[in-house]
$ cat start37.txt   # compact mmCIF, C-alpha atoms
# COMPACT_ATOMS: atom_id res chain seq x y z
CA MET Q 1 -157.42 72.36 106.80
CA LYS Q 2 -157.41 76.08 106.43
CA LEU Q 3 -154.06 76.97 105.09
CA ALA Q 4 -152.56 79.20 107.73
CA MET Q 5 -150.13 81.78 106.57
CA PRO Q 6 -147.81 83.70 108.84
CA THR Q 7 -149.35 86.55 110.83
CA VAL Q 8 -148.27 89.83 109.32
CA THR Q 9 -148.36 93.40 110.52
CA ASP Q 10 -151.52 94.77 109.04
CA THR Q 11 -150.79 97.15 106.20
CA THR Q 12 -154.36 98.21 105.54
CA GLY Q 13 -154.77 100.14 108.78
CA MET Q 14 -158.33 98.86 108.87
CA PRO Q 15 -159.59 97.26 112.08
CA TYR Q 16 -161.84 94.91 110.11
CA HIS Q 17 -161.79 91.18 109.51
CA PHE Q 18 -162.02 90.27 105.84
CA ARG Q 19 -163.58 87.41 103.97
CA ASP Q 20 -163.20 87.10 100.20
CA ALA Q 21 -165.16 84.34 98.51
CA ILE Q 22 -163.84 83.73 95.01
CA GLY Q 23 -166.39 81.52 93.30
CA ILE Q 24 -166.47 80.24 89.76
CA ASN Q 25 -169.40 82.48 88.95
CA TYR Q 26 -169.54 84.93 91.83
CA ARG Q 27 -167.33 87.12 93.94
CA ASN Q 28 -168.23 88.32 97.39
CA PHE Q 29 -166.00 90.32 99.69
CA ALA Q 30 -167.13 91.26 103.17
CA MET Q 31 -165.48 93.15 106.00
CA TRP Q 32 -166.64 93.60 109.57
CA LEU Q 33 -165.42 95.58 112.53
CA ILE Q 34 -163.27 93.76 115.09
CA GLU Q 35 -165.09 92.76 118.28
CA THR Q 36 -163.28 95.19 120.57
CA ARG Q 37 -164.62 98.11 118.58
CA GLN Q 38 -168.15 96.99 117.86
CA PRO Q 39 -170.80 99.32 119.28
CA ASP Q 40 -173.46 98.00 121.67
CA GLU Q 41 -177.22 97.62 121.13
CA SER Q 42 -177.88 101.26 121.95
CA GLN Q 43 -176.76 102.26 118.46
CA THR Q 44 -179.02 101.97 115.43
CA LEU Q 45 -177.92 100.42 112.16
CA LEU Q 46 -178.43 101.95 108.74
CA THR Q 47 -177.59 100.26 105.49
CA ILE Q 48 -176.68 102.15 102.37
CA ASN Q 49 -176.74 100.02 99.25
CA PHE Q 50 -174.88 101.24 96.16
CA PRO Q 51 -175.71 99.41 92.92
CA TRP Q 52 -172.89 99.21 90.37
CA THR Q 53 -173.69 100.98 87.09
CA ALA Q 54 -173.74 98.87 83.90
CA GLU Q 55 -170.44 100.43 82.91
CA SER Q 56 -168.86 99.59 86.25
CA GLN Q 57 -170.09 96.02 85.98
CA GLN Q 58 -168.32 95.77 82.63
CA GLN Q 59 -165.11 97.21 84.06
CA ASN Q 60 -165.28 94.84 87.00
CA ARG Q 61 -165.77 91.88 84.73
CA LYS Q 62 -162.78 92.88 82.63
CA ALA Q 63 -160.70 92.88 85.78
CA HIS Q 64 -162.05 89.41 86.64
CA HIS Q 65 -163.59 91.02 89.71
CA TYR Q 66 -160.23 91.21 91.47
CA THR Q 67 -160.81 94.92 92.00
CA LEU Q 68 -163.97 94.42 94.06
CA PRO Q 69 -162.33 94.09 97.51
CA GLN Q 70 -160.32 97.27 97.00
CA SER Q 71 -163.41 99.14 95.79
CA CYS Q 72 -165.26 98.10 98.92
CA LYS Q 73 -162.45 99.15 101.24
CA ALA Q 74 -162.06 102.48 99.45
CA LEU Q 75 -165.79 103.21 99.63
CA ALA Q 76 -165.87 102.33 103.31
CA LEU Q 77 -162.85 104.51 104.09
CA HIS Q 78 -164.29 107.42 102.14
CA TYR Q 79 -167.64 107.31 103.90
CA GLN Q 80 -166.11 106.70 107.31
CA GLN Q 81 -164.21 109.94 106.93
CA GLU Q 82 -167.40 111.79 106.06
CA LEU Q 83 -169.21 110.35 109.04
CA THR Q 84 -166.82 111.03 111.90
CA ALA Q 85 -168.50 114.28 112.70
CA ASN Q 86 -171.75 112.44 113.35
CA SER Q 87 -170.14 109.62 115.29
CA GLY Q 88 -171.29 106.99 112.88
CA VAL Q 89 -169.05 103.98 112.51
CA ILE Q 90 -169.04 101.51 109.64
CA VAL Q 91 -169.48 98.11 111.23
CA TYR Q 92 -169.85 96.06 108.05
CA ALA Q 93 -169.31 96.38 104.32
CA GLU Q 94 -169.90 93.99 101.49
CA VAL Q 95 -169.36 93.99 97.74
CA SER Q 96 -170.54 91.71 94.99
CA LYS Q 97 -170.85 91.86 91.20
CA LEU Q 98 -174.08 93.84 91.59
CA PHE Q 99 -173.72 96.16 94.55
CA CYS Q 100 -171.63 97.53 97.36
CA MET Q 101 -173.23 97.92 100.77
CA LEU Q 102 -172.15 99.77 103.89
CA VAL Q 103 -173.68 99.22 107.31
CA ILE Q 104 -173.34 102.11 109.71
CA ALA Q 105 -174.00 102.20 113.44
CA SER Q 106 -175.02 105.55 114.78
CA THR Q 107 -176.41 107.20 117.90
CA GLN Q 108 -178.22 109.69 115.68
CA PRO Q 109 -179.58 107.65 112.76
CA GLU Q 110 -181.82 110.36 111.29
CA GLU Q 111 -178.99 112.86 111.16
CA ALA Q 112 -176.64 110.25 109.75
CA LYS Q 113 -179.22 109.43 107.08
CA ALA Q 114 -179.64 113.09 106.16
CA GLN Q 115 -175.91 113.53 105.93
CA LEU Q 116 -175.51 110.50 103.71
CA GLN Q 117 -178.25 111.74 101.42
CA SER Q 118 -176.52 115.11 101.08
CA LEU Q 119 -173.26 113.59 99.91
CA PRO Q 120 -172.55 113.19 96.16
CA CYS Q 121 -172.90 109.64 94.88
CA PRO Q 122 -169.63 108.23 93.49
CA ASP Q 123 -169.62 107.90 89.68
CA GLU Q 124 -169.20 104.13 89.66
CA PHE Q 125 -172.56 103.60 91.35
CA GLY Q 126 -176.19 104.29 90.64
CA LEU Q 127 -178.53 105.89 93.14
CA PRO Q 128 -178.01 104.34 96.58
CA GLU Q 129 -180.80 103.15 98.84
CA ILE Q 130 -180.76 103.83 102.59
CA THR Q 131 -182.58 101.65 105.10
CA VAL Q 132 -182.77 101.90 108.85
CA LEU Q 133 -182.63 98.55 110.63
CA THR Q 134 -184.04 97.39 113.91
CA THR Q 135 -181.43 94.76 114.70
CA SER Q 136 -178.37 95.36 116.86
CA THR Q 137 -174.82 95.20 115.52
CA GLN Q 138 -174.17 91.82 117.11
CA ALA Q 139 -177.40 90.28 115.83
CA PHE Q 140 -176.80 91.65 112.34
CA LEU Q 141 -173.25 90.33 112.17
CA GLN Q 142 -174.23 86.96 113.57
CA GLN Q 143 -176.88 86.59 110.89
CA LYS Q 144 -174.61 87.78 108.09
CA LEU Q 145 -171.60 85.69 109.00
CA SER Q 146 -173.19 82.39 109.90
CA MET E 1 -141.08 22.84 69.96
CA GLN E 2 -137.68 23.70 71.31
CA SER E 3 -137.49 26.44 73.94
CA GLU E 4 -134.35 28.12 75.15
CA TYR E 5 -133.96 30.42 78.12
CA PHE E 6 -131.26 33.00 78.86
CA ILE E 7 -130.23 36.01 80.79
CA THR E 8 -128.73 38.43 78.27
CA SER E 9 -127.08 41.82 78.27
CA ARG E 10 -128.76 44.56 76.26
CA ASN E 11 -126.93 43.91 73.01
CA ASN E 12 -127.22 40.12 73.42
CA GLN E 13 -123.46 39.82 73.34
CA HIS E 14 -123.26 38.06 76.65
CA ILE E 15 -125.60 35.38 77.81
CA VAL E 16 -126.09 32.91 80.62
CA ALA E 17 -128.25 29.94 79.81
CA LEU E 18 -131.18 29.05 82.07
CA THR E 19 -133.29 25.97 82.57
CA GLU E 20 -137.07 26.22 82.23
CA VAL E 21 -137.41 25.93 86.01
CA GLN E 22 -134.98 28.77 86.53
CA PHE E 23 -136.80 30.87 83.94
CA LYS E 24 -140.11 30.36 85.72
CA GLU E 25 -138.50 31.20 89.04
CA LEU E 26 -137.18 34.46 87.62
CA LYS E 27 -140.46 35.29 85.98
CA ARG E 28 -142.26 34.86 89.26
CA ALA E 29 -139.65 36.93 91.06
CA LYS E 30 -140.02 39.72 88.51
CA LYS E 31 -143.78 39.65 88.88
CA ARG E 32 -143.51 39.95 92.65
CA LEU E 33 -140.92 42.70 92.58
CA SER E 34 -142.65 44.77 89.91
CA SER E 35 -145.94 44.53 91.83
CA SER E 36 -144.47 45.57 95.17
CA PHE E 37 -142.56 48.40 93.52
CA ALA E 38 -145.77 49.47 91.79
CA VAL E 39 -147.47 49.85 95.17
CA ALA E 40 -144.52 51.81 96.56
CA HIS E 41 -144.20 54.08 93.50
CA LYS E 42 -147.88 54.86 93.34
CA TYR E 43 -148.00 55.63 97.03
CA ARG E 44 -145.17 58.11 96.54
CA LEU E 45 -147.09 59.65 93.63
CA VAL E 46 -150.06 60.30 95.87
CA LYS E 47 -147.87 61.75 98.59
CA ALA E 48 -145.98 63.97 96.16
CA ASN E 49 -149.19 65.22 94.58
CA PHE E 50 -150.53 66.06 98.01
CA GLU E 51 -147.41 68.09 98.82
CA MET E 52 -147.67 69.86 95.48
CA THR E 53 -151.26 70.76 96.21
CA VAL E 54 -150.32 72.18 99.61
CA ASP E 55 -147.56 74.22 97.95
CA ALA E 56 -149.88 75.47 95.23
CA MET E 57 -152.38 76.58 97.90
CA ALA E 58 -149.64 78.40 99.80
CA ARG E 59 -148.45 80.09 96.62
CA LEU E 60 -151.95 81.22 95.71
CA GLY E 61 -152.46 82.59 99.21
CA GLN E 62 -149.19 84.46 99.00
CA LEU E 63 -150.11 86.00 95.63
CA TYR E 64 -153.43 87.12 97.03
CA VAL E 65 -151.90 88.79 100.08
CA GLU E 66 -149.30 90.53 97.93
CA GLN E 67 -152.12 91.73 95.67
CA ALA E 68 -150.51 90.20 92.59
CA GLY E 69 -152.27 91.13 89.35
CA ILE E 70 -154.99 89.29 87.45
CA GLU E 71 -152.55 87.38 85.29
CA ALA E 72 -150.69 85.96 88.27
CA MET E 73 -153.91 84.92 89.97
CA GLU E 74 -155.42 83.48 86.82
CA THR E 75 -152.32 81.37 86.29
CA ALA E 76 -152.11 80.24 89.89
CA LYS E 77 -155.73 79.11 90.08
CA PRO E 78 -155.60 76.61 87.19
CA HIS E 79 -152.24 75.50 88.53
CA LEU E 80 -153.88 74.67 91.85
CA ASN E 81 -156.75 72.96 90.08
CA ALA E 82 -154.21 70.87 88.16
CA CYS E 83 -152.46 69.80 91.36
CA VAL E 84 -155.80 68.85 92.90
CA ASN E 85 -156.76 66.84 89.81
CA ASN E 86 -153.41 65.06 89.85
CA PHE E 87 -153.91 64.13 93.46
CA ILE E 88 -157.35 62.68 92.76
CA LEU E 89 -156.22 60.75 89.69
CA SER E 90 -153.11 59.31 91.31
CA SER E 91 -155.21 58.34 94.31
CA ARG E 92 -157.46 56.31 92.03
CA MET E 93 -154.41 54.74 90.39
CA PHE E 94 -153.27 53.66 93.82
CA THR E 95 -156.52 52.35 95.24
CA SER E 96 -157.96 50.68 92.15
CA GLN E 97 -155.06 48.31 91.59
CA LEU E 98 -153.91 47.64 95.11
CA LYS E 99 -155.68 44.28 95.36
CA ARG E 100 -154.38 43.19 91.98
CA HIS E 101 -150.78 43.93 92.95
CA VAL E 102 -151.02 42.03 96.21
CA GLN E 103 -152.73 39.17 94.40
CA ALA E 104 -149.88 39.07 91.85
CA CYS E 105 -147.46 38.60 94.74
CA LEU E 106 -149.53 36.10 96.66
CA PRO E 107 -151.87 34.36 94.24
CA GLN E 108 -152.49 31.35 96.48
CA ASN E 109 -152.79 33.24 99.73
CA ARG E 110 -156.48 33.86 100.35
CA ARG E 111 -155.88 35.07 103.90
CA SER E 112 -153.61 37.93 102.78
CA GLN E 113 -155.97 39.03 100.07
CA GLN E 114 -158.80 39.02 102.56
CA GLN E 115 -156.78 41.09 105.02
CA LEU E 116 -156.25 43.70 102.35
CA THR E 117 -159.90 43.71 101.34
CA GLU E 118 -160.88 44.21 104.97
CA ALA E 119 -158.41 47.06 105.34
CA ILE E 120 -159.81 48.80 102.25
CA ASP E 121 -163.39 48.30 103.45
CA ARG E 122 -162.44 49.74 106.84
CA GLU E 123 -161.16 52.88 105.19
CA TYR E 124 -164.11 53.19 102.85
CA HIS E 125 -166.79 52.69 105.47
CA GLY E 126 -164.97 54.50 108.23
CA SER E 127 -163.98 57.67 106.46
CA PHE E 128 -166.18 60.22 104.67
CA ALA E 129 -163.00 61.72 103.25
CA TYR E 130 -162.07 58.40 101.65
CA ARG E 131 -165.53 57.96 100.11
CA PHE E 132 -165.58 61.55 98.95
CA VAL E 133 -162.18 61.57 97.24
CA ASP E 134 -162.96 58.23 95.65
CA SER E 135 -166.23 59.63 94.28
CA LEU E 136 -164.53 62.83 93.17
CA TYR E 137 -162.57 60.87 90.58
CA ASP E 138 -165.60 60.36 88.35
CA TYR E 139 -166.72 63.94 88.73
CA VAL E 140 -163.30 65.37 88.01
CA SER E 141 -162.56 63.13 85.06
CA LEU E 142 -165.90 64.13 83.55
CA TYR E 143 -165.88 67.87 84.25
CA GLY E 144 -162.23 68.72 84.71
CA ILE E 145 -162.82 70.93 87.70
CA SER E 146 -162.61 70.28 91.40
CA ILE E 147 -162.40 73.58 93.24
CA HIS E 148 -165.56 75.67 93.05
CA THR E 149 -164.75 78.36 95.55
CA LEU E 150 -161.69 79.79 97.22
CA ILE E 151 -162.21 81.56 100.52
CA MET E 152 -159.56 83.91 101.77
CA GLU E 153 -160.20 85.07 105.30
CA SER E 154 -158.17 87.34 107.46
CA VAL E 155 -158.49 87.87 111.18
CA VAL E 156 -157.26 91.02 112.87
CA SER E 157 -155.95 91.27 116.39
CA GLU E 158 -155.29 94.51 118.15
CA LYS E 159 -152.37 94.81 120.51
CA ALA E 160 -152.31 96.94 123.66
CA ASP E 161 -150.40 99.67 121.85
CA GLY E 162 -153.12 99.84 119.20
CA THR E 163 -151.13 98.23 116.38
CA LEU E 164 -152.97 95.71 114.26
CA SER E 165 -151.78 92.35 113.02
CA ARG E 166 -153.56 90.27 110.43
CA GLN E 167 -153.57 86.53 109.87
CA TYR E 168 -154.69 85.16 106.53
CA GLY E 169 -156.09 81.73 105.84
CA LEU E 170 -157.11 80.12 102.57
CA LYS E 171 -159.68 77.40 102.02
CA ALA E 172 -160.59 75.55 98.83
CA MET E 173 -164.17 74.35 98.70
CA VAL E 174 -166.26 71.96 96.67
CA GLU E 175 -169.87 73.17 96.56
CA LYS E 176 -172.62 70.60 96.78
CA ASP E 177 -174.85 72.98 94.83
CA PHE E 178 -172.52 72.86 91.87
CA ILE E 179 -171.80 69.14 91.87
CA GLY E 180 -175.19 68.40 90.42
CA GLY E 181 -176.98 65.28 91.37
CA PRO E 182 -176.73 61.51 91.60
CA ALA E 183 -176.10 61.31 87.87
CA GLU E 184 -172.84 63.20 88.25
CA PHE E 185 -171.73 62.10 91.67
CA ARG E 186 -172.00 58.82 93.61
CA ALA E 187 -175.50 59.00 95.08
CA LEU E 188 -174.88 57.79 98.63
CA VAL E 189 -171.87 60.02 99.10
CA PHE E 190 -173.72 62.95 97.52
CA ASP E 191 -176.44 62.56 100.13
CA GLU E 192 -173.87 62.71 102.92
CA ILE E 193 -172.64 66.15 101.90
CA LYS E 194 -174.25 68.76 104.14
CA ALA E 195 -172.16 71.84 103.48
CA PRO E 196 -169.39 72.97 101.15
CA VAL E 197 -166.52 70.52 101.52
CA ASN E 198 -163.14 71.75 102.65
CA LEU E 199 -160.92 70.09 100.10
CA MET E 200 -157.57 70.24 101.86
CA GLU E 201 -159.04 68.86 105.06
CA VAL E 202 -160.54 65.96 103.17
CA PHE E 203 -157.33 65.38 101.22
CA GLY E 204 -155.29 65.31 104.42
CA GLN E 205 -157.54 62.62 105.89
CA PHE E 206 -157.61 60.66 102.65
CA ASN E 207 -153.82 60.79 102.55
CA GLU E 208 -153.73 59.15 105.96
CA SER E 209 -155.96 56.35 104.66
CA VAL E 210 -153.65 55.81 101.71
CA GLU E 211 -150.68 55.66 104.04
CA ARG E 212 -152.37 52.99 106.14
CA LEU E 213 -153.32 50.92 103.08
CA HIS E 214 -149.82 51.24 101.66
CA HIS E 215 -148.46 49.94 104.94
CA VAL E 216 -150.87 46.99 105.03
CA ALA E 217 -150.15 46.01 101.43
CA LEU E 218 -146.38 46.15 101.70
CA GLU E 219 -146.38 44.31 105.02
CA LEU E 220 -148.32 41.52 103.32
CA VAL E 221 -145.90 41.17 100.42
CA LYS E 222 -142.68 41.94 102.29
CA ASP E 223 -141.52 38.35 102.64
CA VAL E 224 -142.11 37.26 99.06
CA ALA E 225 -140.59 40.50 97.82
CA ASP E 226 -137.47 39.85 99.88
CA GLU E 227 -137.30 36.29 98.56
CA ALA E 228 -137.75 37.50 95.00
CA ASN E 229 -135.03 40.07 95.51
CA ALA E 230 -132.66 37.39 96.75
CA THR E 231 -133.47 35.13 93.79
CA VAL E 232 -132.79 37.84 91.24
CA LEU E 233 -129.58 38.87 92.97
CA GLU E 234 -128.38 35.31 92.91
CA PHE E 235 -128.82 35.01 89.15
CA LEU E 236 -127.34 38.42 88.49
CA ASN E 237 -124.28 37.43 90.48
CA VAL E 238 -123.91 34.34 88.33
CA PHE E 239 -124.04 36.56 85.23
CA ILE E 240 -121.51 38.98 86.67
CA ALA E 241 -119.23 36.14 87.68
CA GLU E 242 -119.18 34.95 84.09
CA HIS E 243 -119.18 38.25 82.21
CA GLY E 244 -118.04 41.03 84.50
CA THR E 245 -119.82 43.99 86.03
CA GLU E 246 -119.98 46.45 83.17
CA HIS E 247 -123.49 45.51 81.97
CA ASP E 248 -126.07 47.97 83.08
CA ASN E 249 -129.28 46.36 81.86
CA LEU E 250 -130.02 42.68 81.83
CA PHE E 251 -132.98 40.80 80.38
CA VAL E 252 -134.46 37.37 80.75
CA VAL E 253 -135.38 35.83 77.42
CA HIS E 254 -137.44 32.87 76.26
CA LYS E 255 -136.76 31.86 72.67
CA THR E 256 -138.70 29.25 70.80
CA SER E 257 -137.86 27.44 67.59
CA ALA E 258 -141.58 27.20 66.74
CA ARG E 259 -141.39 30.86 65.81
CA HIS E 260 -138.16 30.64 63.82
CA GLU E 261 -135.97 31.39 66.80
CA LYS E 262 -137.96 34.51 67.57
CA VAL E 263 -138.23 35.83 71.06
CA TYR E 264 -141.37 34.57 72.76
CA ASP E 265 -141.00 36.43 76.01
CA LYS E 266 -138.52 38.99 77.27
CA PHE E 267 -138.46 41.07 80.41
CA PRO E 268 -135.98 43.37 82.13
CA LEU E 269 -134.43 42.19 85.35
CA SER E 270 -131.75 44.41 86.76
CA MET E 271 -134.07 47.37 87.34
CA TYR E 272 -135.63 45.47 90.22
CA VAL E 273 -132.51 45.09 92.32
CA ASN E 274 -130.06 47.41 93.98
CA ASN E 275 -132.55 50.20 93.55
CA HIS E 276 -130.99 52.83 95.78
CA ASN E 277 -133.96 55.15 95.31
CA MET E 278 -136.39 53.03 97.22
CA ASP E 279 -136.99 53.12 100.95
CA SER E 280 -135.18 50.25 102.55
CA ASP E 281 -138.27 49.85 104.75
CA TYR E 282 -139.97 47.61 102.31
CA VAL E 283 -138.64 46.70 98.89

$ encode --input "start37.txt" --output "structure tokens"
Amino acid sequence: MKLAMPTVTDTTGMPYHFRDAIGINYRNFAMWLIETRQPDESQTLLTINFPWTAESQQQNRKAHHYTLPQSCKALALHYQQELTANSGVIVYAEVSKLFCMLVIASTQPEEAKAQLQSLPCPDEFGLPEITVLTTSTQAFLQQKLS
Amino acid sequence: MQSEYFITSRNNQHIVALTEVQFKELKRAKKRLSSSFAVAHKYRLVKANFEMTVDAMARLGQLYVEQAGIEAMETAKPHLNACVNNFILSSRMFTSQLKRHVQACLPQNRRSQQQLTEAIDREYHGSFAYRFVDSLYDYVSLYGISIHTLIMESVVSEKADGTLSRQYGLKAMVEKDFIGGPAEFRALVFDEIKAPVNLMEVFGQFNESVERLHHVALELVKDVADEANATVLEFLNVFIAEHGTEHDNLFVVHKTSARHEKVYDKFPLSMYVNNHNMDSDYV
């Protein structure tokens, strides 16, 4: 049985479902936009993948990787704020010991990409990699969450 | 060789003499009562360990939601692992000796023993959970770990007024990838595992099997346990009639002159009667 805990008023203010997998040798936290807010197929997805620096990996390990979920949420919130002007919405974010990834849906992917590239990279990460996808939000999430 | 038989108080100050027949009757009664109590006690152990595991899961979930620090989490996780291990070990204690206890109560009764064997087989062949938990004993006693992954999920729902509510759920998983292979885990059961196993789900089902087996076993021995209880009570009343009620622990003793009046056999008696802690359902 999944241990159900009482439903609480959300204190994160984030309309995302969360899943935190705490393994004996890995940690993976993922968040994805709730269904009522997910964009349709007309919007293009971009992924931006931030690798943790060696120093960050050490810090994370010292904290037993309990800081990873918060790092992911903070990164997503930060970039969501930067993107509002371009109407890009973060539909998915994921963090592991090695990287943190954001997936953005946008009606203007090239402009969104340019904007992302112009922003300073946070200190905890190495140079991020941006990819434009051809799958829709629904297809992407279905594949990721299955 | 001269044998003498008694019921004595703890300090041997007060005794009631017994014949050899009476001694054997009491010995048989003690064997029956101790066996039925063993089944009942071990069943309660399994149940209690299950409840403790559920509590430990709830506590861990709570700590996670409250964003308790590393230390709290790193204490709660081994605590949960310990509860899980205890459940698995006590389950093995229950299942592995069930037949022996029933046999001790009903040594001549082939039919009863067969009924129990059939009940155990039904559980084993009918329930993956039963097979899995049974197999987990060897793995856990070798490696000391049972939970490989904890998954904390939360689902958000949005109300009409735009406010969000979040429901958390925690799962504990055993990963087939980490179990190893047939050398570490019962081969046939290992092959059955298709995905990570949800431990609490499996434990819940296993618990139901244990409850059914406990019921079968105690139903089988109920009559002889009642008889044995009556026998012991009878003799205790004789002792009390002679020596009063202030003796808290009584023993049955077999002395033999072949060993210079040393005690050959001695067993406690009064612990098996008037036990107000036990369910009146069975013993």

$ closest_residue --input "start37.txt" --among "Q:Ile48, Q:Cys72, Q:Ala54, Q:Ala63" --to "chain E" --atoms "all atoms listed in the file"
Q:Ala63

$ atom_distance --input "start37.txt" --atom1 "atom CA of E:Thr8" --atom2 "atom CA of E:Cys105"
24.9 Å

$ interface_residues --input "start37.txt" --of "chain E" --to "chain Q" --cutoff "9 Å" --atoms "only C-alpha atoms" --output "mmCIF file with C-alpha atoms, in the coordinates of the input"
data_model
loop_
_atom_site.group_PDB
_atom_site.id
_atom_site.type_symbol
_atom_site.label_atom_id
_atom_site.label_comp_id
_atom_site.auth_asym_id
_atom_site.auth_seq_id
_atom_site.Cartn_x
_atom_site.Cartn_y
_atom_site.Cartn_z
ATOM 1 C CA VAL E 54 -150.320 72.180 99.610
ATOM 2 C CA MET E 57 -152.380 76.580 97.900
ATOM 3 C CA ALA E 58 -149.640 78.400 99.800
ATOM 4 C CA GLY E 61 -152.460 82.590 99.210
ATOM 5 C CA GLN E 62 -149.190 84.460 99.000
ATOM 6 C CA GLY E 69 -152.270 91.130 89.350
ATOM 7 C CA ILE E 70 -154.990 89.290 87.450
ATOM 8 C CA GLU E 74 -155.420 83.480 86.820
ATOM 9 C CA ILE E 147 -162.400 73.580 93.240
ATOM 10 C CA HIS E 148 -165.560 75.670 93.050
ATOM 11 C CA THR E 149 -164.750 78.360 95.550
ATOM 12 C CA LEU E 150 -161.690 79.790 97.220
ATOM 13 C CA ILE E 151 -162.210 81.560 100.520
ATOM 14 C CA MET E 152 -159.560 83.910 101.770
ATOM 15 C CA GLU E 153 -160.200 85.070 105.300
ATOM 16 C CA SER E 154 -158.170 87.340 107.460
ATOM 17 C CA VAL E 155 -158.490 87.870 111.180
ATOM 18 C CA VAL E 156 -157.260 91.020 112.870
ATOM 19 C CA SER E 157 -155.950 91.270 116.390
ATOM 20 C CA GLU E 158 -155.290 94.510 118.150
ATOM 21 C CA THR E 163 -151.130 98.230 116.380
ATOM 22 C CA LEU E 164 -152.970 95.710 114.260
ATOM 23 C CA SER E 165 -151.780 92.350 113.020
ATOM 24 C CA ARG E 166 -153.560 90.270 110.430
ATOM 25 C CA GLN E 167 -153.570 86.530 109.870
ATOM 26 C CA TYR E 168 -154.690 85.160 106.530
ATOM 27 C CA GLY E 169 -156.090 81.730 105.840
ATOM 28 C CA LEU E 170 -157.110 80.120 102.570
ATOM 29 C CA LYS E 171 -159.680 77.400 102.020
ATOM 30 C CA ALA E 172 -160.590 75.550 98.830
ATOM 31 C CA ASN E 198 -163.140 71.750 102.650
ATOM 32 C CA LEU E 199 -160.920 70.090 100.100
ATOM 33 C CA MET E 200 -157.570 70.240 101.860
ATOM 34 C CA GLU E 201 -159.040 68.860 105.060
ATOM 35 C CA VAL E 202 -160.540 65.960 103.170
ATOM 36 C CA PHE E 203 -157.330 65.380 101.220
ATOM 37 C CA GLY E 204 -155.290 65.310 104.420
#

$ atom_distance --input "start37.txt" --atom1 "atom CA of E:Phe132" --atom2 "atom CA of E:Asn85"
13.8 Å

$ residues_around --input "start37.txt" --residues "stretch 180-182 of chain E" --least-positions-apart "3" --cutoff "12 Å" --atoms "only C-alpha atoms" --output "JSON, numbers by chain"
{"E": [135, 138, 139, 143, 174, 175, 176, 177, 185, 186, 187, 188, 189, 190, 191, 192, 193]}

$ atom_distance --input "start37.txt" --atom1 "atom CA of E:Arg110" --atom2 "atom CA of E:Ala217"
13.7 Å

$ closest_residue --input "start37.txt" --among "E:Leu220, E:Met173, E:Ala76, E:Ala104" --to "E:Leu63" --atoms "only C-alpha atoms"
E:Ala76

$ closest_residue --input "start37.txt" --among "Q:Pro51, Q:Pro69, Q:Gly88, Q:Pro122" --to "Q:Pro109" --atoms "all atoms listed in the file"
Q:Gly88

$ residues_near_point --input "start37.txt" --point "(-168.6, 103.0, 87.2)" --cutoff "12 Å" --atoms "all atoms listed in the file" --output "PyMOL selection string"
chain Q and resi 50-61+68+71+98-100+121-127

$ closest_residue --input "start37.txt" --among "Q:Leu45, Q:Val89, Q:Leu75, Q:Leu102" --to "Q:Gln138" --atoms "all atoms listed in the file"
Q:Leu45

$ residues_around --input "start37.txt" --residues "E:Lys27" --least-positions-apart "2" --cutoff "12 Å" --atoms "all atoms listed in the file" --output "number ranges by chain"
E: 5-7, 18, 20-25, 29-34, 104-105, 228-229, 231-232, 251-254, 265-269

$ closest_residue --input "start37.txt" --among "E:Tyr130, E:Arg59, E:Arg44, E:Val216" --to "E:Gln113" --atoms "all atoms listed in the file"
E:Val216

$ closest_residue --input "start37.txt" --among "Q:Thr84, Q:Thr135, Q:Thr44, Q:Gln143" --to "Q:Gln115" --atoms "all atoms listed in the file"
Q:Thr84
